[in-house]
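Undergrad: Quick one, model.txt (compact mmCIF, C-alpha atoms):
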```txt
# COMPACT_ATOMS: atom_id res chain seq x y z
CA MET G 1 26.41 243.08 187.44
CA ASP G 2 27.27 239.47 188.20
CA ALA G 3 30.91 238.38 188.12
CA SER G 4 30.55 235.31 190.32
CA ARG G 5 29.36 232.86 187.67
CA GLY G 6 31.92 231.11 185.52
CA ILE G 7 35.58 231.92 184.99
CA SER G 8 36.32 235.45 183.71
CA GLN G 9 32.61 235.86 182.97
CA VAL G 10 30.65 239.04 183.66
CA THR G 11 26.92 239.48 183.06
CA ILE G 12 25.53 243.01 182.92
CA ALA G 13 22.03 244.42 182.49
CA PRO G 14 22.14 247.76 180.62
CA GLU G 15 20.02 249.37 183.36
CA GLN G 16 23.04 249.00 185.66
CA LEU G 17 25.21 251.07 183.34
CA ASP G 18 23.50 254.30 184.40
CA ALA G 19 25.58 254.25 187.57
CA LEU G 20 28.84 254.31 185.59
CA PRO G 21 30.52 257.35 184.00
CA SER G 22 29.20 258.14 180.53
CA LEU G 23 28.97 260.92 177.95
CA GLY G 24 25.29 261.82 178.13
CA GLU G 25 23.92 258.27 177.95
CA ALA G 26 24.80 254.74 179.02
CA ASP G 27 27.36 253.15 176.72
CA ILE G 28 27.91 249.40 176.78
CA PHE G 29 31.44 249.13 175.45
CA ARG G 30 32.72 252.24 177.20
CA SER G 31 31.44 250.73 180.46
CA LEU G 32 33.07 247.37 179.73
CA GLN G 33 36.40 249.19 179.43
CA LEU G 34 36.15 249.96 183.16
CA LEU G 35 36.17 246.28 184.15
CA PRO G 36 39.30 244.52 185.46
CA GLY G 37 41.33 242.99 182.66
CA VAL G 38 39.70 245.25 180.03
CA SER G 39 40.90 248.61 178.76
CA GLY G 40 40.70 251.09 175.92
CA THR G 41 43.93 252.62 174.68
CA ASN G 42 42.59 256.14 174.10
CA ASP G 43 39.48 258.26 173.62
CA ALA G 44 39.33 257.44 169.90
CA THR G 45 38.11 253.85 170.13
CA SER G 46 35.33 251.93 171.86
CA GLY G 47 37.09 248.66 171.14
CA LEU G 48 38.04 246.34 173.98
CA PHE G 49 41.62 245.41 174.70
CA VAL G 50 41.12 242.32 176.84
CA ARG G 51 44.21 241.10 178.67
CA GLY G 52 46.54 242.25 175.94
CA GLY G 53 44.35 241.25 173.00
CA THR G 54 43.30 243.64 170.26
CA PRO G 55 39.68 244.57 169.41
CA ASP G 56 39.56 242.39 166.29
CA GLU G 57 40.34 239.37 168.50
CA ASN G 58 36.99 239.77 170.27
CA LEU G 59 33.91 237.93 169.02
CA VAL G 60 31.03 240.43 169.22
CA LEU G 61 27.55 238.93 168.79
CA LEU G 62 24.19 240.69 168.77
CA ASP G 63 21.34 238.16 168.70
CA GLY G 64 23.67 235.83 166.82
CA MET G 65 24.84 238.45 164.28
CA THR G 66 28.59 239.04 164.13
CA VAL G 67 29.48 242.72 164.47
CA TYR G 68 32.92 243.71 163.18
CA HIS G 69 33.09 247.44 163.89
CA VAL G 70 32.01 248.66 167.33
CA ASP G 71 32.66 252.42 167.02
CA HIS G 72 30.48 255.45 166.40
CA PHE G 73 31.69 259.05 166.15
CA PHE G 74 35.43 258.30 165.87
CA GLY G 75 35.18 255.98 168.89
CA VAL G 76 33.48 258.41 171.26
CA PHE G 77 30.37 256.17 171.29
CA SER G 78 30.03 252.45 170.76
CA ALA G 79 27.80 251.20 167.95
CA PHE G 80 25.17 249.75 170.29
CA ASN G 81 22.20 251.57 171.76
CA ALA G 82 21.83 250.44 175.38
CA ASP G 83 18.05 250.97 175.18
CA ALA G 84 17.83 248.05 172.72
CA ILE G 85 19.94 245.56 174.71
CA LYS G 86 18.57 243.24 177.40
CA ASP G 87 21.69 241.42 178.63
CA VAL G 88 25.42 241.55 177.98
CA GLN G 89 27.74 238.63 178.67
CA LEU G 90 31.49 239.18 178.60
CA PHE G 91 33.83 236.20 178.62
CA LYS G 92 37.29 237.66 179.17
CA SER G 93 38.83 234.25 178.48
CA ALA G 94 38.04 230.56 178.98
CA TYR G 95 34.77 230.93 177.10
CA PRO G 96 32.53 227.88 176.60
CA ALA G 97 33.01 225.42 173.76
CA ARG G 98 29.96 226.76 171.93
CA PHE G 99 31.93 229.90 171.04
CA GLY G 100 34.87 229.96 168.65
CA GLY G 101 36.62 231.89 165.91
CA ARG G 102 38.34 234.44 168.16
CA THR G 103 41.36 234.24 170.45
CA SER G 104 40.77 236.96 173.07
CA SER G 105 37.19 237.28 174.34
CA VAL G 106 33.49 236.99 173.58
CA VAL G 107 30.85 239.71 173.99
CA ASN G 108 27.39 238.14 173.64
CA MET G 109 24.50 240.63 173.59
CA ILE G 110 20.81 239.75 173.65
CA GLY G 111 18.37 242.32 172.27
CA ARG G 112 15.30 243.40 174.16
CA ALA G 113 11.95 241.87 173.35
CA GLY G 114 8.86 244.07 173.29
CA ASP G 115 6.19 243.93 175.96
CA PRO G 116 3.25 241.81 174.67
CA GLN G 117 0.91 243.29 177.30
CA ALA G 118 1.24 247.06 176.89
CA PHE G 119 2.41 249.76 174.48
CA ARG G 120 5.52 251.53 175.70
CA MET G 121 7.52 254.43 174.34
CA SER G 122 10.57 256.30 175.61
CA ALA G 123 12.85 258.98 174.22
CA GLY G 124 15.99 260.80 175.21
CA ALA G 125 18.51 263.30 173.90
CA ASN G 126 21.86 264.82 174.73
CA LEU G 127 24.03 267.49 173.16
CA LEU G 128 25.11 265.15 170.34
CA SER G 129 22.31 262.70 169.56
CA GLY G 130 18.71 261.71 170.16
CA ARG G 131 17.10 258.28 170.58
CA THR G 132 13.69 256.67 170.93
CA THR G 133 12.35 253.19 171.68
CA VAL G 134 8.87 251.84 170.94
CA GLU G 135 7.35 248.54 172.10
CA VAL G 136 4.15 247.43 170.40
CA PRO G 137 2.10 244.39 171.52
CA LEU G 138 0.79 242.19 168.68
CA GLY G 139 -1.91 240.12 170.32
CA ASP G 140 -1.18 238.23 173.52
CA GLN G 141 1.73 236.20 172.18
CA ALA G 142 3.83 238.59 170.10
CA ALA G 143 5.49 241.97 170.40
CA LEU G 144 7.64 244.30 168.32
CA MET G 145 10.46 246.45 169.64
CA VAL G 146 12.06 249.22 167.57
CA SER G 147 14.86 251.42 168.87
CA ALA G 148 16.60 254.14 166.84
CA ARG G 149 19.38 256.62 167.54
CA ARG G 150 20.85 259.40 165.42
CA SER G 151 23.27 262.21 165.95
CA TYR G 152 22.35 265.68 164.73
CA THR G 153 25.92 266.93 164.45
CA ASP G 154 25.29 267.55 160.75
CA VAL G 155 22.53 270.01 161.67
CA ILE G 156 23.62 271.45 165.02
CA GLN G 157 27.32 271.55 165.83
CA SER G 158 27.28 272.21 169.55
CA GLY G 159 30.18 273.33 171.68
CA LEU G 160 30.57 269.76 172.93
CA PHE G 161 30.97 268.49 169.36
CA ASP G 162 33.58 271.16 168.62
CA ASN G 163 35.49 270.29 171.80
CA LEU G 164 35.43 266.56 171.04
CA PHE G 165 36.48 267.19 167.46
CA GLY G 166 39.35 269.38 168.60
CA THR G 167 40.45 266.89 171.27
CA LEU G 168 40.58 264.00 168.82
CA THR G 169 42.45 266.10 166.28
CA ASP G 170 44.99 267.37 168.81
CA ALA G 171 45.55 263.89 170.22
CA ASP G 172 46.23 262.49 166.79
CA GLU G 173 48.55 265.32 165.81
CA ALA G 174 50.52 264.78 169.02
CA ALA G 175 50.99 261.13 168.10
CA THR G 176 51.90 261.77 164.44
CA PRO G 177 52.67 265.48 163.96
CA GLN G 178 53.90 265.10 160.36
CA GLN G 179 51.10 262.82 159.16
CA PRO G 180 48.63 264.27 156.67
CA ALA G 181 44.95 263.61 156.57
CA GLY G 182 43.87 259.99 156.74
CA ARG G 183 40.69 258.00 157.02
CA GLY G 184 38.76 260.17 159.43
CA GLY G 185 36.34 257.39 160.24
CA ARG G 186 39.06 255.08 161.39
CA ARG G 187 40.71 256.56 164.42
CA GLY G 188 39.72 260.19 164.35
CA ARG G 189 42.63 261.00 162.02
CA PHE G 190 41.79 263.93 159.87
CA GLN G 191 43.46 267.14 158.78
CA VAL G 192 42.72 270.29 160.72
CA GLN G 193 40.51 272.57 158.66
CA GLU G 194 38.86 275.88 159.32
CA ALA G 195 35.44 274.35 158.64
CA THR G 196 34.18 271.51 160.80
CA PRO G 197 33.50 268.36 158.76
CA PHE G 198 29.96 267.30 157.89
CA PHE G 199 29.31 264.22 160.04
CA TYR G 200 26.50 262.12 161.51
CA PHE G 201 25.86 258.56 162.67
CA TYR G 202 22.79 256.43 163.22
CA ASP G 203 21.78 252.94 164.35
CA VAL G 204 18.48 251.04 164.33
CA ASN G 205 17.53 247.89 166.26
CA SER G 206 14.29 245.98 165.87
CA LYS G 207 13.11 242.64 167.25
CA LEU G 208 9.91 240.71 166.65
CA THR G 209 9.19 238.05 169.28
CA TRP G 210 6.47 235.40 169.11
CA THR G 211 5.66 232.71 171.69
CA PRO G 212 3.14 230.40 169.94
CA THR G 213 3.25 227.87 172.80
CA PRO G 214 4.67 227.88 176.33
CA ARG G 215 7.56 225.77 175.02
CA ASP G 216 8.44 227.77 171.88
CA VAL G 217 9.97 231.17 171.27
CA VAL G 218 10.47 232.57 167.75
CA ALA G 219 12.36 235.82 167.21
CA VAL G 220 13.57 237.88 164.24
CA SER G 221 16.14 240.65 164.82
CA LEU G 222 17.42 243.42 162.56
CA TYR G 223 20.36 245.75 163.11
CA GLY G 224 21.83 248.54 161.03
CA GLY G 225 24.20 251.34 161.81
CA ALA G 226 26.57 253.64 159.94
CA ASP G 227 28.81 256.69 160.24
CA ASN G 228 29.00 259.25 157.45
CA LEU G 229 31.88 261.71 157.24
CA ASP G 230 32.39 264.40 154.61
CA GLN G 231 35.67 266.34 154.89
CA SER G 232 35.43 268.03 151.52
CA SER G 233 36.64 271.60 151.11
CA THR G 234 36.85 274.02 148.23
CA GLY G 235 39.95 275.81 147.04
CA GLN G 236 40.54 279.48 147.69
CA ALA G 237 42.33 282.22 145.76
CA VAL G 238 45.52 283.33 147.53
CA GLN G 239 47.63 286.41 146.67
CA PHE G 240 51.40 285.81 146.84
CA GLY G 241 54.13 287.97 145.34
CA GLY G 242 51.66 289.81 143.18
CA ASN G 243 50.33 286.58 141.73
CA THR G 244 47.08 284.76 142.41
CA PHE G 245 47.13 281.06 143.24
CA ASN G 246 44.28 278.67 143.91
CA THR G 247 44.71 276.39 146.91
CA PRO G 248 43.80 272.71 146.32
CA SER G 249 40.19 271.65 146.57
CA ARG G 250 39.43 268.41 148.28
CA ARG G 251 36.64 265.86 148.07
CA GLU G 252 36.85 263.29 150.85
CA ILE G 253 33.89 261.13 151.86
CA THR G 254 33.95 258.09 154.14
CA ASP G 255 31.09 255.78 155.11
CA TRP G 256 31.39 252.75 157.36
CA GLY G 257 29.10 250.59 159.46
CA ASN G 258 27.38 247.26 160.10
CA ARG G 259 24.08 245.64 159.24
CA GLY G 260 22.58 242.24 159.90
CA VAL G 261 19.53 240.05 160.37
CA SER G 262 18.94 236.91 162.43
CA GLY G 263 16.14 234.44 163.08
CA ARG G 264 15.87 232.18 166.11
CA TRP G 265 13.68 229.31 167.24
CA PHE G 266 13.99 228.03 170.81
CA ARG G 267 12.19 224.84 171.81
CA GLN G 268 11.89 223.27 175.26
CA TRP G 269 11.26 219.66 174.27
CA GLY G 270 10.78 218.43 177.81
CA GLY G 271 11.78 219.17 181.34
CA ARG G 272 15.42 218.32 180.64
CA PHE G 273 16.15 218.88 176.95
CA SER G 274 16.06 222.08 174.88
CA SER G 275 17.23 223.21 171.44
CA ASP G 276 18.09 226.62 170.07
CA ALA G 277 18.32 227.02 166.26
CA GLN G 278 19.55 230.27 164.75
CA ILE G 279 20.37 231.64 161.29
CA ALA G 280 22.15 234.97 160.90
CA ALA G 281 23.63 237.16 158.16
CA SER G 282 25.84 240.17 158.77
CA GLU G 283 27.93 242.65 156.80
CA TYR G 284 30.59 245.20 157.59
CA PHE G 285 31.24 247.87 154.96
CA SER G 286 33.72 250.69 154.59
CA ASP G 287 33.97 253.00 151.59
CA GLY G 288 36.39 255.87 151.22
CA THR G 289 37.09 258.41 148.49
CA ARG G 290 39.63 261.20 148.41
CA GLU G 291 40.30 263.53 145.47
CA ILE G 292 42.65 266.51 145.81
CA THR G 293 42.90 268.80 142.81
CA SER G 294 44.65 272.06 142.05
CA ASP G 295 45.98 273.95 139.02
CA GLN G 296 49.19 271.90 139.12
CA PHE G 297 48.21 268.38 140.21
CA ALA G 298 45.42 265.92 141.01
CA ASN G 299 45.67 262.84 143.18
CA GLY G 300 43.70 260.75 145.63
CA PHE G 301 42.53 257.23 146.35
CA LEU G 302 39.51 254.91 146.32
CA GLU G 303 39.08 252.26 149.01
CA GLU G 304 36.46 249.61 149.73
CA ASN G 305 36.21 246.81 152.28
CA ARG G 306 33.38 244.28 152.63
CA VAL G 307 33.02 241.48 155.17
CA GLN G 308 29.94 239.29 154.74
CA ASP G 309 29.01 236.11 156.54
CA LEU G 310 26.04 233.77 156.66
CA SER G 311 25.80 231.26 159.49
CA PHE G 312 23.52 228.57 160.86
CA ARG G 313 23.91 227.13 164.34
CA LEU G 314 22.13 224.62 166.52
CA ASP G 315 22.71 224.47 170.27
CA ASN G 316 21.30 221.77 172.53
CA ALA G 317 21.27 221.40 176.31
CA TRP G 318 20.45 218.19 178.19
CA ASN G 319 20.11 218.25 181.97
CA VAL G 320 21.06 214.62 182.63
CA ALA G 321 20.76 215.08 186.38
CA ARG G 322 20.74 217.89 188.90
CA SER G 323 24.54 217.83 188.98
CA SER G 324 25.19 217.02 185.33
CA THR G 325 24.51 219.02 182.14
CA VAL G 326 25.58 218.13 178.62
CA GLU G 327 25.70 220.77 175.88
CA PHE G 328 26.39 220.03 172.22
CA GLY G 329 25.81 221.64 168.85
CA ALA G 330 27.10 222.58 165.42
CA LEU G 331 27.81 225.72 163.39
CA ALA G 332 28.27 226.33 159.65
CA THR G 333 29.53 229.69 158.36
CA GLN G 334 30.13 231.05 154.86
CA SER G 335 32.43 234.11 154.84
CA ASP G 336 33.30 236.48 152.01
CA VAL G 337 35.89 239.23 152.52
CA ARG G 338 36.96 241.73 149.86
CA TYR G 339 39.32 244.69 149.98
CA GLY G 340 40.29 247.04 147.18
CA PHE G 341 42.52 250.13 147.10
CA GLU G 342 43.48 252.34 144.17
CA GLN G 343 45.90 255.25 144.35
CA LEU G 344 45.04 257.85 141.75
CA GLN G 345 47.20 260.41 139.99
CA GLY G 346 45.36 262.55 137.50
CA ASP G 347 43.20 260.31 135.35
CA SER G 348 45.37 257.23 135.84
CA VAL G 349 45.81 254.61 138.57
CA ARG G 350 49.33 254.81 140.04
CA GLY G 351 48.99 251.77 142.30
CA SER G 352 46.36 249.30 143.41
CA LEU G 353 45.79 246.45 145.80
CA ALA G 354 42.99 243.88 145.58
CA LEU G 355 42.41 241.13 148.12
CA ALA G 356 39.51 238.68 148.08
CA GLY G 357 38.79 235.52 149.98
CA GLU G 358 35.98 233.09 150.62
CA ALA G 359 35.82 230.40 153.27
CA PHE G 360 33.33 227.82 154.46
CA GLN G 361 33.71 226.58 158.01
CA THR G 362 31.91 223.85 159.88
CA SER G 363 32.20 223.40 163.62
CA ALA G 364 30.89 220.95 166.18
CA TYR G 365 31.25 221.02 169.95
CA ALA G 366 30.34 219.10 173.08
CA GLN G 367 30.67 220.12 176.71
CA HIS G 368 29.90 218.52 180.05
CA VAL G 369 29.34 220.51 183.24
CA TRP G 370 29.47 218.59 186.50
CA ALA G 371 28.58 220.11 189.86
CA GLY G 372 30.22 218.13 192.64
CA PRO G 373 30.04 218.28 196.42
CA GLY G 374 31.10 221.35 198.34
CA GLY G 375 30.50 223.73 195.41
CA LEU G 376 33.00 222.01 193.12
CA LYS G 377 32.30 222.64 189.42
CA LEU G 378 34.16 220.90 186.60
CA THR G 379 33.64 221.71 182.92
CA VAL G 380 35.24 219.66 180.17
CA GLY G 381 34.58 220.26 176.48
CA ALA G 382 36.01 220.28 172.99
CA ARG G 383 35.36 222.03 169.71
CA GLY G 384 36.40 221.01 166.22
CA THR G 385 36.45 223.33 163.17
CA TYR G 386 37.18 222.56 159.55
CA SER G 387 38.11 225.45 157.24
CA ASP G 388 38.20 224.86 153.50
CA ALA G 389 40.45 227.91 153.07
CA THR G 390 43.29 226.04 154.78
CA GLU G 391 41.91 222.51 154.26
CA THR G 392 42.64 221.83 157.90
CA THR G 393 40.65 220.63 160.91
CA TYR G 394 41.38 222.45 164.15
CA PHE G 395 40.81 220.71 167.49
CA GLU G 396 40.17 222.94 170.50
CA PRO G 397 40.00 221.21 173.89
CA ARG G 398 38.70 223.24 176.84
CA ALA G 399 38.57 222.60 180.59
CA SER G 400 37.83 224.65 183.70
CA LEU G 401 37.56 224.09 187.43
CA GLU G 402 35.92 226.08 190.22
CA PHE G 403 36.28 225.25 193.88
CA PRO G 404 35.22 227.36 196.91
CA LEU G 405 37.78 227.14 199.69
CA PHE G 406 35.75 229.31 202.05
CA SER G 407 32.32 230.94 201.98
CA ASN G 408 33.71 234.09 200.38
CA PHE G 409 36.81 232.74 198.63
CA LYS G 410 36.78 230.72 195.40
CA VAL G 411 39.59 229.31 193.29
CA LYS G 412 39.05 229.24 189.51
CA SER G 413 41.29 227.80 186.82
CA ALA G 414 40.85 227.22 183.09
CA TRP G 415 42.78 226.00 180.06
CA GLY G 416 41.92 225.89 176.40
CA ARG G 417 42.98 226.25 172.80
CA TYR G 418 41.49 228.87 170.48
CA ASN G 419 41.83 229.70 166.77
CA GLN G 420 40.93 232.73 164.67
CA PHE G 421 40.22 232.73 160.94
CA ILE G 422 39.79 236.43 160.15
CA LYS G 423 42.11 239.31 161.00
CA ARG G 424 42.10 243.06 160.82
CA VAL G 425 45.19 244.54 159.19
CA GLU G 426 46.31 247.98 160.32
CA ASN G 427 48.29 249.88 157.72
CA GLU G 428 50.23 252.94 158.86
CA ASP G 429 51.24 254.91 155.76
CA VAL G 430 52.54 258.43 156.31
CA LEU G 431 51.65 259.33 152.72
CA GLU G 432 48.02 258.24 152.87
CA GLY G 433 47.10 258.26 156.57
CA SER G 434 45.89 255.33 158.60
CA ARG G 435 43.63 252.62 157.20
CA ASP G 436 42.63 249.19 158.45
CA PHE G 437 40.82 246.38 156.71
CA TRP G 438 39.76 242.77 157.28
CA VAL G 439 41.21 239.72 155.53
CA LEU G 440 40.61 235.98 155.82
CA ALA G 441 43.32 233.59 156.95
CA ASP G 442 44.67 231.25 154.30
CA THR G 443 47.45 228.71 154.14
```
Rewrite the structure of this file - the entire thing - as C-alpha cells.

TA:
Amino acid sequence: MDASRGISQVTIAPEQLDALPSLGEADIFRSLQLLPGVSGTNDATSGLFVRGGTPDENLVLLDGMTVYHVDHFFGVFSAFNADAIKDVQLFKSAYPARFGGRTSSVVNMIGRAGDPQAFRMSAGANLLSGRTTVEVPLGDQAALMVSARRSYTDVIQSGLFDNLFGTLTDADEAATPQQPAGRGGRRGRFQVQEATPFFYFYDVNSKLTWTPTPRDVVAVSLYGGADNLDQSSTGQAVQFGGNTFNTPSRREITDWGNRGVSGRWFRQWGGRFSSDAQIAASEYFSDGTREITSDQFANGFLEENRVQDLSFRLDNAWNVARSSTVEFGALATQSDVRYGFEQLQGDSVRGSLALAGEAFQTSAYAQHVWAGPGGLKLTVGARGTYSDATETTYFEPRASLEFPLFSNFKVKSAWGRYNQFIKRVENEDVLEGSRDFWVLADT
C-alpha cells in the first residue's frame, strides 16, 4: 500500500489485502472501508462513504468500464474478485483532471493480464463461495486471463449463511420494526420467513492482452456479475375458529448486477510522448417482481431500472522535461437511464412511475505537473464538460501543491470544482419497502 504519492491518493495491490480482516477471502471494497477518511455505515453495504459522501458519488472504474453497483450478497461481499485485479487506485478527493462526473472520490481498478510465458491456474473456496483463475499464454506476445466466482448458497446453506442471513434481517428489523418486506437485494431488507430464501451470486472477469511491438499494448476486458434472490413462498391452510383459511402465497424475485466490455490501445510514440485510447460500454440492471395473492386479495409490484453508457476516451502524456509533464485528453459519453415501477392490485395497475433520460456529454482536460526544487510539486489543470441534457458547459479548475518541510513531514493542499450528472435516488416507502434507482440530471 502506497499513500505517499499524490494528495488523498492510495494505491493498493490486491496481494496486500490478505493481511487485512476479511470474510474468507480478500475483499477490495471492504478493505478500502478500513482506510482513513473512508467508512461503511453497516454490514449491509460494501459501498464507500468517503469523507461524508455517499456511494453513488464515487466513480468506480474497472478497465475503463463504469460500475454502478458494488455489492454482492446483500453487501457482505463487494462485486469484485480480488484474484482478477492487478492494482487499485483510490482518490479520496482532489483527483486529477482526467477524471470527472462524480463529486466524492474515484476508485480506478486495473484488471490482471495473463502470463504470456506459462500456464497458471489457481482455485479457492470458503463456506459461501468458490473461485478459480486461469491464465493461458497465446504465443509469446499474448495471454488470456479468466477469473470466475460463484456462491453455492442455493445448493448448500451453511451455518455461516444462516447466521449472516439472520444478522442482516435482525439489523434491518431493529432499524424499521414495522416495515414489511422490501427489495431484498437492496439493503438486505426482506421479511422473516421460516424458509431461507433461494439466493446465489456470481461474477466473471476476463482479459485478453496483446503486445504486438515493444511500444504497443492492446487489451480487451469483459466483466459480468449478478445477484439472484427468490423469496417466494406458498400459502398454507390454517384452522381458526373451526374454519379453514389459506395464508397468502407470495412470488418475489429480484435480479441485479453489472456487465461491461472495454477495449484499450496504449502506444508509446517516443521516449517522451504516449497515448492511451479506450472504448467502453457498461450496464447496470435491476429487475424486481412481487405478487402476493390470497382468497381475499391480490397485489404486488413490478420494477425495472437500466443504466447504460458507451464512452470513448483518449489520454495523452508528454514529458516535456524531467521536472515538467503535460497531460491532456478528451472523453465522449452517451448515457441512457430508464426506471419503471407499477403497483398492482388484482389485474389492474393502481399506480405507476416511468422515468427515462438520455444524455450525451463531451469533456476535454489539460493538466501540468511541475516538480520544483526541494521536493516541491505543483499541479494545475482544468476540465470542461458539455451536457446536452442541460445544454450547459461546466468548467472545473483544479490545483494542488505538495511541499516537504522535513524528511518525514510533508504538507499537501488541493482545491477543485467537481460536477455529477447522474444520481441514485433512495425511496423509503413503508408500504413497499426500500428501493433505490438511478436517474440522470436535467435542467

Undergrad: Record the distance separating CA of Ser104 (chain G) and CA of Ala226 (chain G), expressed in Å with one decimal.

TA: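 Here the two named atoms are 25.5 Å from each other.
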
Undergrad: Show me the residues around (15.6, 219.8, 180.1) - criterion: an atom at most 12 Å away, all atoms listed in the file counted - as a list in words.

TA: Arg215, Arg267, Gln268, Trp269, Gly270, Gly271, Arg272, Phe273, Ser274, Ser275, Asn316, Ala317, Trp318, Asn319, Val320, Ala321, Arg322, Ser324, Thr325, Val326 and Glu327 of chain G

Undergrad: Determine, counting only C-alpha atoms, which protein, DNA and RNA residues have an atom within 6 Å of an atom of region 305-311 of chain G; residues of the same chain fewer than 2 positions away are not included. Present the result as a CSV table (one decimal) with C-alpha atoms, in the frame of the given file.

TA:
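And here is the file that came out, around_36.csv:
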```
chain,number,residue,atom,x,y,z
G,279,ILE,CA,20.4,231.6,161.3
G,280,ALA,CA,22.2,235.0,160.9
G,281,ALA,CA,23.6,237.2,158.2
G,282,SER,CA,25.8,240.2,158.8
G,283,GLU,CA,27.9,242.6,156.8
G,284,TYR,CA,30.6,245.2,157.6
G,285,PHE,CA,31.2,247.9,155.0
G,286,SER,CA,33.7,250.7,154.6
G,332,ALA,CA,28.3,226.3,159.6
G,333,THR,CA,29.5,229.7,158.4
G,334,GLN,CA,30.1,231.0,154.9
G,335,SER,CA,32.4,234.1,154.8
G,336,ASP,CA,33.3,236.5,152.0
G,337,VAL,CA,35.9,239.2,152.5
G,338,ARG,CA,37.0,241.7,149.9
G,339,TYR,CA,39.3,244.7,150.0
```

Undergrad: Within 9 Å of Tyr386 (chain G), counting only C-alpha atoms, which residues qualify if same-chain residues fewer than 4 places away don't, as a list in words?

TA: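 Here the qualifying residues turn out to be Phe360, Gln361, Thr362, Ser363, Thr390, Glu391, Thr392, Thr393, Tyr394 and Phe395 of chain G.
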
Undergrad: Closest to Gly101 (chain G) among G:Pro373, G:Leu59, G:Phe409, G:Ala354, using all atoms listed in the file?

TA: G:Leu59

Undergrad: Show which residues sit within 6 Å of Val136 (chain G), as number ranges by chain. Count only C-alpha atoms, and ignore same-chain residues fewer than 3 positions away.

TA: G: 119, 143-144

Undergrad: For Arg313 (chain G), work out the shell of residues within 6 Å, counting only C-alpha atoms and skipping chain neighbours fewer than 6 positions away, then give it as a VMD selection string.

TA: chain G and resid 277 to 278 330 to 331

Undergrad: Could you put an axis-aligned box around every listed atom of region 380-386 of chain G, padded by 8 Å on each side, and send me its centre and edge lengths in Å to one decimal, as lines of an AutoDock Vina configuration file?

TA:
```
center_x = 35.9
center_y = 221.5
center_z = 169.9
size_x = 18.6
size_y = 19.7
size_z = 36.6
```

Undergrad: Please indicate the distance in Å from CA of Ala97 (chain G) to CA of Phe266 (chain G), rounded to one decimal place.

TA: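 If I compute the distance from CA of Ala97 (chain G) to CA of Phe266 (chain G), I get 19.4 Å.
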
Undergrad: Taking (32.8, 232.8, 175.8) as a centre in this file's frame and 12 Å as the limit, can you find every polymer residue with an atom that close, using all atoms listed in the file, and give them as an NGL selection string?

TA: :G and (6-11 or 58-61 or 88-109 or 398 or 416 or 418)

Undergrad: Between G:Gln117, G:Ser400, G:Asn299, G:Ser206, which is the closest to Asp347 (chain G) once you count only C-alpha atoms?

TA: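 Checking each of G:Gln117, G:Ser400, G:Asn299, G:Ser206 against Asp347 (chain G), counting only C-alpha atoms, the winner is G:Asn299.
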
Undergrad: Could you jot down the CA of Glu25 (chain G) to CA of Ala82 (chain G) separation for me, Å, one decimal place?

TA: 8.5 Å

Undergrad: Which residues are close to Val349 (chain G), i.e. within 9 Å by all atoms listed in the file, leaving aside same-chain residues fewer than 6 positions away? Reply as a PyMOL selection string.

TA: chain G and resi 301+342-343

Undergrad: Let me make sure I understand: among G:Pro36, G:Phe74, G:Lys207, G:Ala125, which one has the smallest atom-to-atom distance to Gly111 (chain G) if we use all atoms listed in the file?

TA: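 The closest residue to Gly111 (chain G) is G:Lys207.
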
Undergrad: With all atoms listed in the file as the basis for distance, which of G:Phe245, G:Trp210, G:Phe49, G:Tyr200 is at the shortest distance from Gly263 (chain G)?

TA: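 Among G:Phe245, G:Trp210, G:Phe49, G:Tyr200, it is G:Trp210 that comes nearest to Gly263 (chain G).
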
Undergrad: Taking into account all atoms listed in the file, which residue in the set G:Leu378, G:Leu229, G:Ala298, G:Val67 is nearest to Ser413 (chain G)?

TA: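 Residue with the minimum atom-to-atom distance to Ser413 (chain G): G:Leu378.
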